[in-house]
file input09.pdb (PDB, C-alpha atoms and all ligand atoms)
MODEL        1
ATOM      1  CA  MET A   1      27.542  10.846  51.678
ATOM      2  CA  SER A   2      28.458  13.693  49.414
ATOM      3  CA  LEU A   3      28.629  17.383  50.112
ATOM      4  CA  ARG A   4      25.246  18.942  50.813
ATOM      5  CA  LEU A   5      24.371  22.576  50.242
ATOM      6  CA  CYS A   6      21.314  24.640  51.106
ATOM      7  CA  ILE A   7      20.880  28.411  51.249
ATOM      8  CA  LEU A   8      18.830  28.967  54.406
ATOM      9  CA  GLY A   9      18.140  32.592  53.538
ATOM     10  CA  SER A  10      19.505  35.187  51.130
ATOM     11  CA  GLY A  11      18.975  38.861  50.353
ATOM     12  CA  SER A  12      19.636  42.200  52.014
ATOM     13  CA  SER A  13      17.494  41.103  54.979
ATOM     14  CA  GLY A  14      19.834  38.254  55.869
ATOM     15  CA  ASN A  15      22.257  35.696  54.476
ATOM     16  CA  CYS A  16      23.070  32.221  55.771
ATOM     17  CA  THR A  17      24.233  29.131  53.882
ATOM     18  CA  TYR A  18      24.521  25.545  55.115
ATOM     19  CA  VAL A  19      27.270  23.225  53.854
ATOM     20  CA  ALA A  20      27.812  19.715  55.174
ATOM     21  CA  SER A  21      29.806  16.567  54.525
ATOM     22  CA  ALA A  22      28.866  13.214  56.046
ATOM     23  CA  THR A  23      30.533  14.230  59.315
ATOM     24  CA  THR A  24      30.849  18.033  59.425
ATOM     25  CA  ALA A  25      28.310  20.826  59.033
ATOM     26  CA  ILE A  26      29.134  24.531  58.855
ATOM     27  CA  LEU A  27      27.379  27.783  58.052
ATOM     28  CA  VAL A  28      28.687  30.540  55.819
ATOM     29  CA  ASP A  29      27.477  33.820  57.359
ATOM     30  CA  GLY A  30      24.945  34.115  60.156
ATOM     31  CA  GLY A  31      22.696  36.898  58.941
ATOM     32  CA  LEU A  32      19.415  35.420  60.189
ATOM     33  CA  SER A  33      18.370  35.179  63.833
ATOM     34  CA  ALA A  34      19.603  32.009  65.537
ATOM     35  CA  LYS A  35      15.962  31.007  65.931
ATOM     36  CA  ALA A  36      15.282  31.351  62.201
ATOM     37  CA  ILE A  37      18.468  29.415  61.422
ATOM     38  CA  ALA A  38      17.406  26.625  63.815
ATOM     39  CA  THR A  39      13.919  26.445  62.286
ATOM     40  CA  ARG A  40      15.211  26.370  58.732
ATOM     41  CA  LEU A  41      17.853  23.747  59.537
ATOM     42  CA  GLU A  42      15.103  21.567  60.983
ATOM     43  CA  LYS A  43      13.233  21.841  57.686
ATOM     44  CA  ILE A  44      16.152  20.189  55.898
ATOM     45  CA  GLY A  45      16.736  17.533  58.557
ATOM     46  CA  ALA A  46      19.720  19.265  60.194
ATOM     47  CA  SER A  47      20.229  21.071  63.498
ATOM     48  CA  LEU A  48      22.388  23.747  65.099
ATOM     49  CA  GLU A  49      23.848  21.108  67.422
ATOM     50  CA  GLN A  50      25.615  19.613  64.378
ATOM     51  CA  VAL A  51      27.126  22.917  63.208
ATOM     52  CA  LYS A  52      30.888  23.021  63.835
ATOM     53  CA  GLY A  53      31.524  26.621  62.824
ATOM     54  CA  VAL A  54      30.299  29.762  61.107
ATOM     55  CA  CYS A  55      32.591  31.308  58.472
ATOM     56  CA  LEU A  56      31.949  35.011  58.076
ATOM     57  CA  SER A  57      32.425  36.614  54.641
ATOM     58  CA  HIS A  58      32.343  40.245  55.885
ATOM     59  CA  GLU A  59      30.903  42.433  58.620
ATOM     60  CA  HIS A  60      27.810  43.922  56.925
ATOM     61  CA  SER A  61      24.644  43.742  58.990
ATOM     62  CA  ASP A  62      22.870  41.280  56.680
ATOM     63  CA  HIS A  63      25.541  38.652  57.454
ATOM     64  CA  ILE A  64      25.902  38.852  61.238
ATOM     65  CA  ALA A  65      22.499  39.032  63.002
ATOM     66  CA  GLY A  66      22.610  35.558  64.551
ATOM     67  CA  LEU A  67      26.298  35.332  65.460
ATOM     68  CA  LYS A  68      26.093  36.353  69.102
ATOM     69  CA  THR A  69      23.428  33.791  69.982
ATOM     70  CA  LEU A  70      25.059  31.095  67.854
ATOM     71  CA  GLN A  71      28.131  31.411  70.034
ATOM     72  CA  SER A  72      26.630  32.211  73.451
ATOM     73  CA  LYS A  73      23.763  29.728  73.350
ATOM     74  CA  TYR A  74      25.094  27.007  71.058
ATOM     75  CA  ALA A  75      28.880  27.423  71.616
ATOM     76  CA  ILE A  76      29.506  27.421  67.868
ATOM     77  CA  PRO A  77      33.011  28.633  66.892
ATOM     78  CA  LEU A  78      33.092  31.741  64.679
ATOM     79  CA  PHE A  79      35.704  32.152  61.938
ATOM     80  CA  ALA A  80      36.691  35.475  60.324
ATOM     81  CA  ASN A  81      39.739  37.369  59.101
ATOM     82  CA  GLU A  82      41.369  40.267  60.955
ATOM     83  CA  GLY A  83      39.778  42.972  58.782
ATOM     84  CA  THR A  84      36.271  41.661  59.360
ATOM     85  CA  ILE A  85      36.840  41.391  63.111
ATOM     86  CA  GLN A  86      38.121  44.989  63.087
ATOM     87  CA  GLY A  87      35.036  45.953  61.103
ATOM     88  CA  LEU A  88      32.877  44.653  63.955
ATOM     89  CA  LYS A  89      34.564  46.882  66.549
ATOM     90  CA  ASN A  90      31.624  49.291  66.525
ATOM     91  CA  SER A  91      29.432  46.458  67.645
ATOM     92  CA  LYS A  92      31.008  45.724  71.027
ATOM     93  CA  ASP A  93      28.910  42.591  71.529
ATOM     94  CA  LEU A  94      30.274  41.007  68.400
ATOM     95  CA  ALA A  95      33.884  42.137  68.632
ATOM     96  CA  ALA A  96      34.017  40.636  72.135
ATOM     97  CA  LEU A  97      33.066  37.172  70.937
ATOM     98  CA  ALA A  98      35.779  34.504  70.756
ATOM     99  CA  TRP A  99      36.934  34.649  67.134
ATOM    100  CA  GLN A 100      38.993  32.032  65.325
ATOM    101  CA  LYS A 101      41.113  33.952  62.879
ATOM    102  CA  PHE A 102      41.765  32.815  59.327
ATOM    103  CA  GLN A 103      44.020  34.467  56.745
ATOM    104  CA  THR A 104      42.578  35.527  53.418
ATOM    105  CA  GLY A 105      44.209  33.296  50.803
ATOM    106  CA  SER A 106      45.135  30.498  53.257
ATOM    107  CA  ALA A 107      42.999  27.390  53.471
ATOM    108  CA  PHE A 108      41.946  25.964  56.842
ATOM    109  CA  GLU A 109      40.009  22.920  57.989
ATOM    110  CA  ILE A 110      36.851  22.397  59.966
ATOM    111  CA  GLY A 111      36.430  18.629  60.394
ATOM    112  CA  ASP A 112      36.810  17.101  56.937
ATOM    113  CA  LEU A 113      35.902  20.344  55.146
ATOM    114  CA  ASN A 114      38.721  22.330  53.566
ATOM    115  CA  ILE A 115      37.844  26.013  53.435
ATOM    116  CA  GLU A 116      39.648  28.497  51.259
ATOM    117  CA  PRO A 117      38.800  32.177  51.771
ATOM    118  CA  PHE A 118      39.700  34.468  48.874
ATOM    119  CA  SER A 119      39.489  38.204  48.416
ATOM    120  CA  VAL A 120      36.478  39.759  46.665
ATOM    121  CA  PRO A 121      35.837  43.415  45.742
ATOM    122  CA  HIS A 122      33.115  44.797  48.028
ATOM    123  CA  ASP A 123      32.866  47.839  50.298
ATOM    124  CA  ALA A 124      33.719  46.090  53.564
ATOM    125  CA  MET A 125      37.023  45.882  55.495
ATOM    126  CA  GLU A 126      38.331  42.554  54.156
ATOM    127  CA  PRO A 127      35.517  40.754  52.313
ATOM    128  CA  VAL A 128      36.003  37.185  51.121
ATOM    129  CA  GLY A 129      34.339  34.429  49.174
ATOM    130  CA  PHE A 130      34.842  30.757  50.056
ATOM    131  CA  VAL A 131      35.604  27.549  48.236
ATOM    132  CA  ILE A 132      34.687  24.575  50.417
ATOM    133  CA  THR A 133      36.102  21.216  49.409
ATOM    134  CA  CYS A 134      35.596  17.677  50.644
ATOM    135  CA  GLY A 135      37.375  14.925  48.725
ATOM    136  CA  ALA A 136      36.834  15.574  45.021
ATOM    137  CA  GLU A 137      33.809  17.824  45.475
ATOM    138  CA  SER A 138      33.749  21.561  45.939
ATOM    139  CA  ILE A 139      31.335  24.419  46.434
ATOM    140  CA  GLY A 140      32.017  28.119  45.779
ATOM    141  CA  ILE A 141      30.141  30.831  47.662
ATOM    142  CA  VAL A 142      30.344  34.531  46.735
ATOM    143  CA  THR A 143      27.358  36.582  47.819
ATOM    144  CA  ASP A 144      28.595  40.191  47.820
ATOM    145  CA  LEU A 145      30.898  41.443  45.096
ATOM    146  CA  GLY A 146      31.095  44.461  42.836
ATOM    147  CA  ILE A 147      32.844  42.873  39.868
ATOM    148  CA  PRO A 148      33.931  39.337  38.959
ATOM    149  CA  THR A 149      37.708  39.678  39.198
ATOM    150  CA  ALA A 150      40.153  37.231  37.636
ATOM    151  CA  LEU A 151      40.766  35.788  41.116
ATOM    152  CA  VAL A 152      37.052  35.173  41.699
ATOM    153  CA  ARG A 153      36.682  33.481  38.297
ATOM    154  CA  GLU A 154      39.774  31.364  38.939
ATOM    155  CA  ARG A 155      38.568  30.200  42.355
ATOM    156  CA  LEU A 156      35.045  29.382  41.213
ATOM    157  CA  LYS A 157      35.881  27.694  37.958
ATOM    158  CA  ASN A 158      36.462  24.168  39.298
ATOM    159  CA  CYS A 159      33.498  24.074  41.669
ATOM    160  CA  ASN A 160      30.645  21.581  41.275
ATOM    161  CA  ALA A 161      28.140  24.007  42.759
ATOM    162  CA  ILE A 162      28.305  27.796  42.916
ATOM    163  CA  VAL A 163      26.335  30.233  45.065
ATOM    164  CA  LEU A 164      26.677  33.597  43.324
ATOM    165  CA  GLU A 165      25.154  36.987  43.861
ATOM    166  CA  SER A 166      22.709  38.061  41.140
ATOM    167  CA  ASN A 167      21.750  41.269  42.894
ATOM    168  CA  HIS A 168      19.873  43.540  40.547
ATOM    169  CA  ASP A 169      18.564  44.270  37.107
ATOM    170  CA  GLU A 170      20.441  47.416  36.063
ATOM    171  CA  GLU A 171      17.393  49.005  34.458
ATOM    172  CA  MET A 172      15.177  48.299  37.473
ATOM    173  CA  LEU A 173      17.872  49.790  39.703
ATOM    174  CA  MET A 174      18.227  52.948  37.616
ATOM    175  CA  ASN A 175      14.423  53.368  37.472
ATOM    176  CA  SER A 176      14.010  52.806  41.233
ATOM    177  CA  GLN A 177      13.391  55.574  43.760
ATOM    178  CA  ARG A 178      16.738  54.931  45.444
ATOM    179  CA  PRO A 179      19.028  57.926  45.998
ATOM    180  CA  TRP A 180      21.633  58.496  43.302
ATOM    181  CA  GLN A 181      24.506  57.849  45.705
ATOM    182  CA  LEU A 182      23.122  54.463  46.684
ATOM    183  CA  LYS A 183      22.644  53.537  43.023
ATOM    184  CA  GLN A 184      26.264  54.462  42.381
ATOM    185  CA  ARG A 185      27.401  52.386  45.352
ATOM    186  CA  ILE A 186      25.495  49.310  44.205
ATOM    187  CA  LEU A 187      26.705  49.621  40.600
ATOM    188  CA  GLY A 188      30.308  50.377  41.595
ATOM    189  CA  ARG A 189      33.324  48.078  41.578
ATOM    190  CA  GLN A 190      32.872  47.453  45.303
ATOM    191  CA  GLY A 191      29.099  47.163  45.268
ATOM    192  CA  HIS A 192      26.879  44.343  44.095
ATOM    193  CA  LEU A 193      26.831  42.131  41.002
ATOM    194  CA  SER A 194      24.035  42.630  38.452
ATOM    195  CA  ASN A 195      22.106  39.788  36.816
ATOM    196  CA  VAL A 196      23.880  40.315  33.507
ATOM    197  CA  ARG A 197      27.351  40.324  35.060
ATOM    198  CA  ALA A 198      26.647  37.239  37.158
ATOM    199  CA  ALA A 199      25.273  35.444  34.116
ATOM    200  CA  ALA A 200      28.235  36.407  31.927
ATOM    201  CA  MET A 201      30.746  35.209  34.497
ATOM    202  CA  LEU A 202      28.945  31.901  34.983
ATOM    203  CA  ALA A 203      28.809  31.325  31.229
ATOM    204  CA  GLU A 204      32.531  32.030  31.014
ATOM    205  CA  ILE A 205      33.677  29.705  33.800
ATOM    206  CA  ALA A 206      31.120  26.882  33.474
ATOM    207  CA  GLY A 207      32.419  23.478  32.439
ATOM    208  CA  PRO A 208      31.307  19.841  32.552
ATOM    209  CA  HIS A 209      31.992  19.632  36.311
ATOM    210  CA  LEU A 210      29.563  22.441  37.198
ATOM    211  CA  GLN A 211      26.236  20.865  38.158
ATOM    212  CA  ARG A 212      24.331  23.560  39.988
ATOM    213  CA  VAL A 213      24.166  27.321  40.329
ATOM    214  CA  PHE A 214      22.279  29.132  43.076
ATOM    215  CA  LEU A 215      21.489  32.788  42.367
ATOM    216  CA  ALA A 216      21.745  34.691  45.649
ATOM    217  CA  HIS A 217      21.373  38.087  47.351
ATOM    218  CA  LEU A 218      18.603  39.269  45.000
ATOM    219  CA  SER A 219      17.472  42.836  45.638
ATOM    220  CA  SER A 220      13.824  42.871  46.714
ATOM    221  CA  GLU A 221      13.198  46.230  44.995
ATOM    222  CA  CYS A 222      15.434  46.089  41.962
ATOM    223  CA  ASN A 223      15.192  42.487  40.821
ATOM    224  CA  ARG A 224      12.742  39.666  40.186
ATOM    225  CA  GLN A 225      13.275  35.944  40.525
ATOM    226  CA  ASP A 226      12.237  35.249  36.932
ATOM    227  CA  VAL A 227      14.390  38.072  35.505
ATOM    228  CA  ALA A 228      17.528  36.877  37.324
ATOM    229  CA  TRP A 229      16.867  33.239  36.451
ATOM    230  CA  ARG A 230      16.330  34.014  32.766
ATOM    231  CA  ALA A 231      19.520  36.095  32.495
ATOM    232  CA  THR A 232      21.668  33.193  33.712
ATOM    233  CA  ARG A 233      19.693  30.546  31.819
ATOM    234  CA  ASP A 234      20.070  32.458  28.530
ATOM    235  CA  ALA A 235      23.784  33.149  29.045
ATOM    236  CA  LEU A 236      24.515  29.502  29.903
ATOM    237  CA  ALA A 237      22.436  28.279  26.952
ATOM    238  CA  ARG A 238      24.219  30.652  24.545
ATOM    239  CA  ALA A 239      27.536  29.218  25.752
ATOM    240  CA  GLY A 240      26.255  25.658  25.253
ATOM    241  CA  HIS A 241      26.003  24.767  28.958
ATOM    242  CA  THR A 242      22.572  23.172  29.020
ATOM    243  CA  HIS A 243      23.397  20.573  31.708
ATOM    244  CA  ILE A 244      23.527  23.066  34.591
ATOM    245  CA  THR A 245      20.546  23.436  36.928
ATOM    246  CA  ILE A 246      19.824  26.972  38.126
ATOM    247  CA  SER A 247      18.206  27.269  41.559
ATOM    248  CA  MET A 248      16.916  30.381  43.242
ATOM    249  CA  THR A 249      17.374  31.546  46.843
ATOM    250  CA  PHE A 250      14.888  33.396  49.035
ATOM    251  CA  PRO A 251      14.862  35.818  51.989
ATOM    252  CA  ASN A 252      12.181  33.936  53.925
ATOM    253  CA  GLN A 253      12.570  30.305  53.017
ATOM    254  CA  VAL A 254      15.208  27.678  52.314
ATOM    255  CA  SER A 255      16.427  26.956  48.793
ATOM    256  CA  GLU A 256      16.473  23.554  47.170
ATOM    257  CA  ILE A 257      19.143  21.234  48.558
ATOM    258  CA  TRP A 258      22.039  20.346  46.290
ATOM    259  CA  THR A 259      23.920  17.098  46.819
ATOM    260  CA  ALA A 260      26.895  16.268  44.633
ATOM    261  CA  ALA A 261      25.941  13.769  41.908
TER
HETATM  262 ZN    ZN A 301      27.920  43.353  51.972
HETATM  263 ZN    ZN A 302      25.169  41.248  51.907
ENDMDL
END
call {"tool": "encode", "arguments": {"input": "input09.pdb", "output": "structure tokens"}}
result
Amino acid sequence: MSLRLCILGSGSSGNCTYVASATTAILVDGGLSAKAIATRLEKIGASLEQVKGVCLSHEHSDHIAGLKTLQSKYAIPLFANEGTIQGLKNSKDLAALAWQKFQTGSAFEIGDLNIEPFSVPHDAMEPVGFVITCGAESIGIVTDLGIPTALVRERLKNCNAIVLESNHDEEMLMNSQRPWQLKQRILGRQGHLSNVRAAAMLAEIAGPHLQRVFLAHLSSECNRQDVAWRATRDALARAGHTHITISMTFPNQVSEIWTAA
């Protein structure tokens, strides 16, 4: 069986992504309650008992809500880099968990999944994206990033499926009631990626091997599903990439499931 990918939940209320090979299942981030994760896994025919690890991208609250229970109740190993673990020090419960440390830039294995964490620009201690590979297939996951750096583009460009933040529509953000400082943070180099920037990067790196794109971490106030979808669809079409399916992700329900063709 090929790699399987499903975004169990995405947005500022909680992020959690499921990736599995025939023999190994993992989660990227645990930002939903363990109960919600269990329920959503059941919906796609999986279970927490099969999960061999959670890889944490960074310490922000929308990525960590379920971690304590995932370890204490289900004995699931948690993987993070030193900066992220340091970033959790204010939350004594979480810092005290048994962490498996990975190094940003160095690949590691969980079962037959090869996981490569790489640095992304975002206002956390040591934020990373992941490329997860099994055999000839790979998935790239980057849900919080201010700008698409050369490193991010390089890492994502050979993936068969990409989960990428398409956070906001810049006009909707500027017209929103949010405080000026927050707007500046979101728009900044270490904030969140807009629809137009996500779309432009995807159009630039897409090739024949890219089958599926999931647009993730949509702002509930400053974005709309159809606006984000159209931005990426139009950019891919302009670049001649009409073979790529664009799927959406949701705060309260699972996404479509992608399986490598
Ligand atoms: Zn974040
Ligand atoms: Zn986030």
call {"tool": "atom_distance", "arguments": {"input": "input09.pdb", "atom1": "atom CA of Ile244 of chain A", "atom2": "atom CA of Phe108 of chain A"}}
result
29.0 Å
call {"tool": "closest_residue", "arguments": {"input": "input09.pdb", "among": "A:Leu182, A:Ala46, A:Ile37, A:Met125", "to": "Lys89 of chain A", "atoms": "all atoms listed in the file"}}
result
A:Met125
call {"tool": "closest_residue", "arguments": {"input": "input09.pdb", "among": "A:Asn223, A:Asn15, A:Ser166, A:Gln181", "to": "Met201 of chain A", "atoms": "only C-alpha atoms"}}
result
A:Ser166
call {"tool": "residues_around", "arguments": {"input": "input09.pdb", "residues": "Leu173 of chain A", "least_positions_apart": "6", "cutoff": "10 Å", "atoms": "only C-alpha atoms", "output": "list in words"}}
result
Asn167, Leu182, Lys183, Gln184, Ile186, Leu187, Ser194, Ser219, Glu221, Cys222 and Asn223 of chain A
call {"tool": "closest_atom_pairs", "arguments": {"input": "input09.pdb", "of": "chain A", "to": "ligand ZN 301 (chain A)", "cutoff": "10 Å", "atoms": "all atoms listed in the file", "output": "Markdown table"}}
result
| residue | atom | partner | partner_atom | distance |
| --- | --- | --- | --- | --- |
| A:Ser12 | CA | A:ZN301 | ZN | 8.4 |
| A:Asn15 | CA | A:ZN301 | ZN | 9.8 |
| A:Ser57 | CA | A:ZN301 | ZN | 8.5 |
| A:His58 | CA | A:ZN301 | ZN | 6.7 |
| A:Glu59 | CA | A:ZN301 | ZN | 7.3 |
| A:His60 | CA | A:ZN301 | ZN | 5.0 |
| A:Ser61 | CA | A:ZN301 | ZN | 7.8 |
| A:Asp62 | CA | A:ZN301 | ZN | 7.2 |
| A:His63 | CA | A:ZN301 | ZN | 7.6 |
| A:His122 | CA | A:ZN301 | ZN | 6.7 |
| A:Asp123 | CA | A:ZN301 | ZN | 6.9 |
| A:Ala124 | CA | A:ZN301 | ZN | 6.6 |
| A:Pro127 | CA | A:ZN301 | ZN | 8.0 |
| A:Thr143 | CA | A:ZN301 | ZN | 8.0 |
| A:Asp144 | CA | A:ZN301 | ZN | 5.3 |
| A:Leu145 | CA | A:ZN301 | ZN | 7.7 |
| A:Gly146 | CA | A:ZN301 | ZN | 9.7 |
| A:Gln190 | CA | A:ZN301 | ZN | 9.3 |
| A:Gly191 | CA | A:ZN301 | ZN | 7.8 |
| A:His192 | CA | A:ZN301 | ZN | 8.0 |
| A:His217 | CA | A:ZN301 | ZN | 9.6 |
call {"tool": "resolve_selection", "arguments": {"input": "input09.pdb", "expression": "the PyMOL selection byres (((chain A and resi 7) around 8) and not hetatm)", "output": "short mmCIF file (atom, residue, chain, number, x, y, z; two decimals) with C-alpha atoms, keeping the file's coordinate frame"}}
result
data_model
loop_
_atom_site.label_atom_id
_atom_site.label_comp_id
_atom_site.auth_asym_id
_atom_site.auth_seq_id
_atom_site.Cartn_x
_atom_site.Cartn_y
_atom_site.Cartn_z
CA LEU A 5 24.37 22.58 50.24
CA CYS A 6 21.31 24.64 51.11
CA LEU A 8 18.83 28.97 54.41
CA GLY A 9 18.14 32.59 53.54
CA SER A 10 19.50 35.19 51.13
CA CYS A 16 23.07 32.22 55.77
CA THR A 17 24.23 29.13 53.88
CA TYR A 18 24.52 25.54 55.12
CA THR A 249 17.37 31.55 46.84
CA VAL A 254 15.21 27.68 52.31
CA SER A 255 16.43 26.96 48.79
CA GLU A 256 16.47 23.55 47.17
CA ILE A 257 19.14 21.23 48.56
#
call {"tool": "residues_around", "arguments": {"input": "input09.pdb", "residues": "segment 153-159 of chain A", "least_positions_apart": "4", "cutoff": "9 Å", "atoms": "only C-alpha atoms", "output": "ChimeraX atom specification"}}
result
/A:118,130-133,137-142,148-149,201-202,204-207,209-211
call {"tool": "resolve_selection", "arguments": {"input": "input09.pdb", "expression": "the PyMOL selection byres (((chain A and resi 240) around 12) and not hetatm)", "output": "PyMOL selection string"}}
result
chain A and resi 202-204+206-208+233-239+241-244
call {"tool": "closest_residue", "arguments": {"input": "input09.pdb", "among": "A:Ile44, A:Leu218, A:Glu49, A:Leu3", "to": "ligand ZN 302 (chain A)", "atoms": "all atoms listed in the file"}}
result
A:Leu218
call {"tool": "atom_distance", "arguments": {"input": "input09.pdb", "atom1": "atom CA of Ile76 of chain A", "atom2": "atom CA of Ile110 of chain A"}}
result
11.9 Å
call {"tool": "residues_near_point", "arguments": {"input": "input09.pdb", "point": "(34.7, 38.4, 64.6)", "cutoff": "10 Å", "atoms": "only C-alpha atoms", "output": "count of residues only"}}
result
28
call {"tool": "closest_residue", "arguments": {"input": "input09.pdb", "among": "A:Gly105, A:Pro77, A:Pro251, A:Gly111", "to": "ligand ZN 302 (chain A)", "atoms": "all atoms listed in the file"}}
result
A:Pro251
call {"tool": "atom_distance", "arguments": {"input": "input09.pdb", "atom1": "atom CA of Tyr74 of chain A", "atom2": "atom CA of Val51 of chain A"}}
result
9.1 Å
call {"tool": "decode", "arguments": {"input": "input09.pdb", "residues": "segment 245-253 of chain A", "atoms": "all heavy atoms", "output": "JSON list (two decimals), in the first residue's frame"}}
result
[["chain", "number", "residue", "atom", "x", "y", "z"],
["A", 245, "THR", "N", -4.63, 18.07, -8.35],
["A", 245, "THR", "CA", -5.89, 18.23, -7.62],
["A", 245, "THR", "C", -5.64, 19.09, -6.39],
["A", 245, "THR", "O", -4.66, 18.88, -5.67],
["A", 245, "THR", "CB", -6.43, 16.85, -7.18],
["A", 245, "THR", "OG1", -6.51, 16.02, -8.33],
["A", 245, "THR", "CG2", -7.80, 16.97, -6.53],
["A", 246, "ILE", "N", -6.51, 20.06, -6.16],
["A", 246, "ILE", "CA", -6.39, 20.92, -4.98],
["A", 246, "ILE", "C", -7.48, 20.52, -3.99],
["A", 246, "ILE", "O", -8.67, 20.55, -4.33],
["A", 246, "ILE", "CB", -6.57, 22.41, -5.36],
["A", 246, "ILE", "CG1", -5.57, 22.79, -6.46],
["A", 246, "ILE", "CG2", -6.41, 23.30, -4.13],
["A", 246, "ILE", "CD1", -5.97, 24.07, -7.20],
["A", 247, "SER", "N", -7.08, 20.15, -2.79],
["A", 247, "SER", "CA", -8.05, 19.79, -1.75],
["A", 247, "SER", "C", -7.98, 20.80, -0.62],
["A", 247, "SER", "O", -6.93, 21.37, -0.34],
["A", 247, "SER", "CB", -7.73, 18.40, -1.18],
["A", 247, "SER", "OG", -7.90, 17.42, -2.17],
["A", 248, "MET", "N", -9.10, 20.99, 0.04],
["A", 248, "MET", "CA", -9.16, 21.92, 1.15],
["A", 248, "MET", "C", -9.03, 21.16, 2.48],
["A", 248, "MET", "O", -9.19, 19.94, 2.53],
["A", 248, "MET", "CB", -10.47, 22.72, 1.13],
["A", 248, "MET", "CG", -10.68, 23.53, -0.15],
["A", 248, "MET", "SD", -9.28, 24.59, -0.64],
["A", 248, "MET", "CE", -9.23, 25.74, 0.75],
["A", 249, "THR", "N", -8.73, 21.92, 3.54],
["A", 249, "THR", "CA", -8.68, 21.35, 4.89],
["A", 249, "THR", "C", -9.61, 22.18, 5.77],
["A", 249, "THR", "O", -9.95, 23.32, 5.42],
["A", 249, "THR", "CB", -7.26, 21.42, 5.46],
["A", 249, "THR", "OG1", -6.89, 22.80, 5.61],
["A", 249, "THR", "CG2", -6.26, 20.73, 4.55],
["A", 250, "PHE", "N", -10.01, 21.61, 6.91],
["A", 250, "PHE", "CA", -11.08, 22.21, 7.71],
["A", 250, "PHE", "C", -10.76, 22.15, 9.20],
["A", 250, "PHE", "O", -10.12, 21.20, 9.65],
["A", 250, "PHE", "CB", -12.40, 21.47, 7.45],
["A", 250, "PHE", "CG", -12.68, 21.27, 5.99],
["A", 250, "PHE", "CD1", -12.29, 20.10, 5.35],
["A", 250, "PHE", "CD2", -13.30, 22.27, 5.25],
["A", 250, "PHE", "CE1", -12.53, 19.92, 3.98],
["A", 250, "PHE", "CE2", -13.54, 22.10, 3.88],
["A", 250, "PHE", "CZ", -13.15, 20.92, 3.25],
["A", 251, "PRO", "N", -11.23, 23.15, 9.97],
["A", 251, "PRO", "CA", -10.99, 23.09, 11.42],
["A", 251, "PRO", "C", -11.73, 21.92, 12.09],
["A", 251, "PRO", "O", -11.21, 21.29, 12.99],
["A", 251, "PRO", "CB", -11.54, 24.42, 11.94],
["A", 251, "PRO", "CG", -11.82, 25.26, 10.75],
["A", 251, "PRO", "CD", -11.92, 24.37, 9.56],
["A", 252, "ASN", "N", -12.95, 21.65, 11.63],
["A", 252, "ASN", "CA", -13.83, 20.73, 12.37],
["A", 252, "ASN", "C", -14.08, 19.40, 11.70],
["A", 252, "ASN", "O", -14.89, 18.62, 12.18],
["A", 252, "ASN", "CB", -15.18, 21.41, 12.62],
["A", 252, "ASN", "CG", -15.00, 22.69, 13.40],
["A", 252, "ASN", "OD1", -14.21, 22.73, 14.34],
["A", 252, "ASN", "ND2", -15.68, 23.74, 12.99],
["A", 253, "GLN", "N", -13.45, 19.15, 10.61],
["A", 253, "GLN", "CA", -13.66, 17.85, 9.96],
["A", 253, "GLN", "C", -12.42, 17.44, 9.18],
["A", 253, "GLN", "O", -11.56, 18.27, 8.87],
["A", 253, "GLN", "CB", -14.87, 17.92, 9.02],
["A", 253, "GLN", "CG", -14.68, 18.85, 7.84],
["A", 253, "GLN", "CD", -15.95, 19.01, 7.03],
["A", 253, "GLN", "OE1", -16.88, 19.70, 7.44],
["A", 253, "GLN", "NE2", -15.99, 18.38, 5.87]]
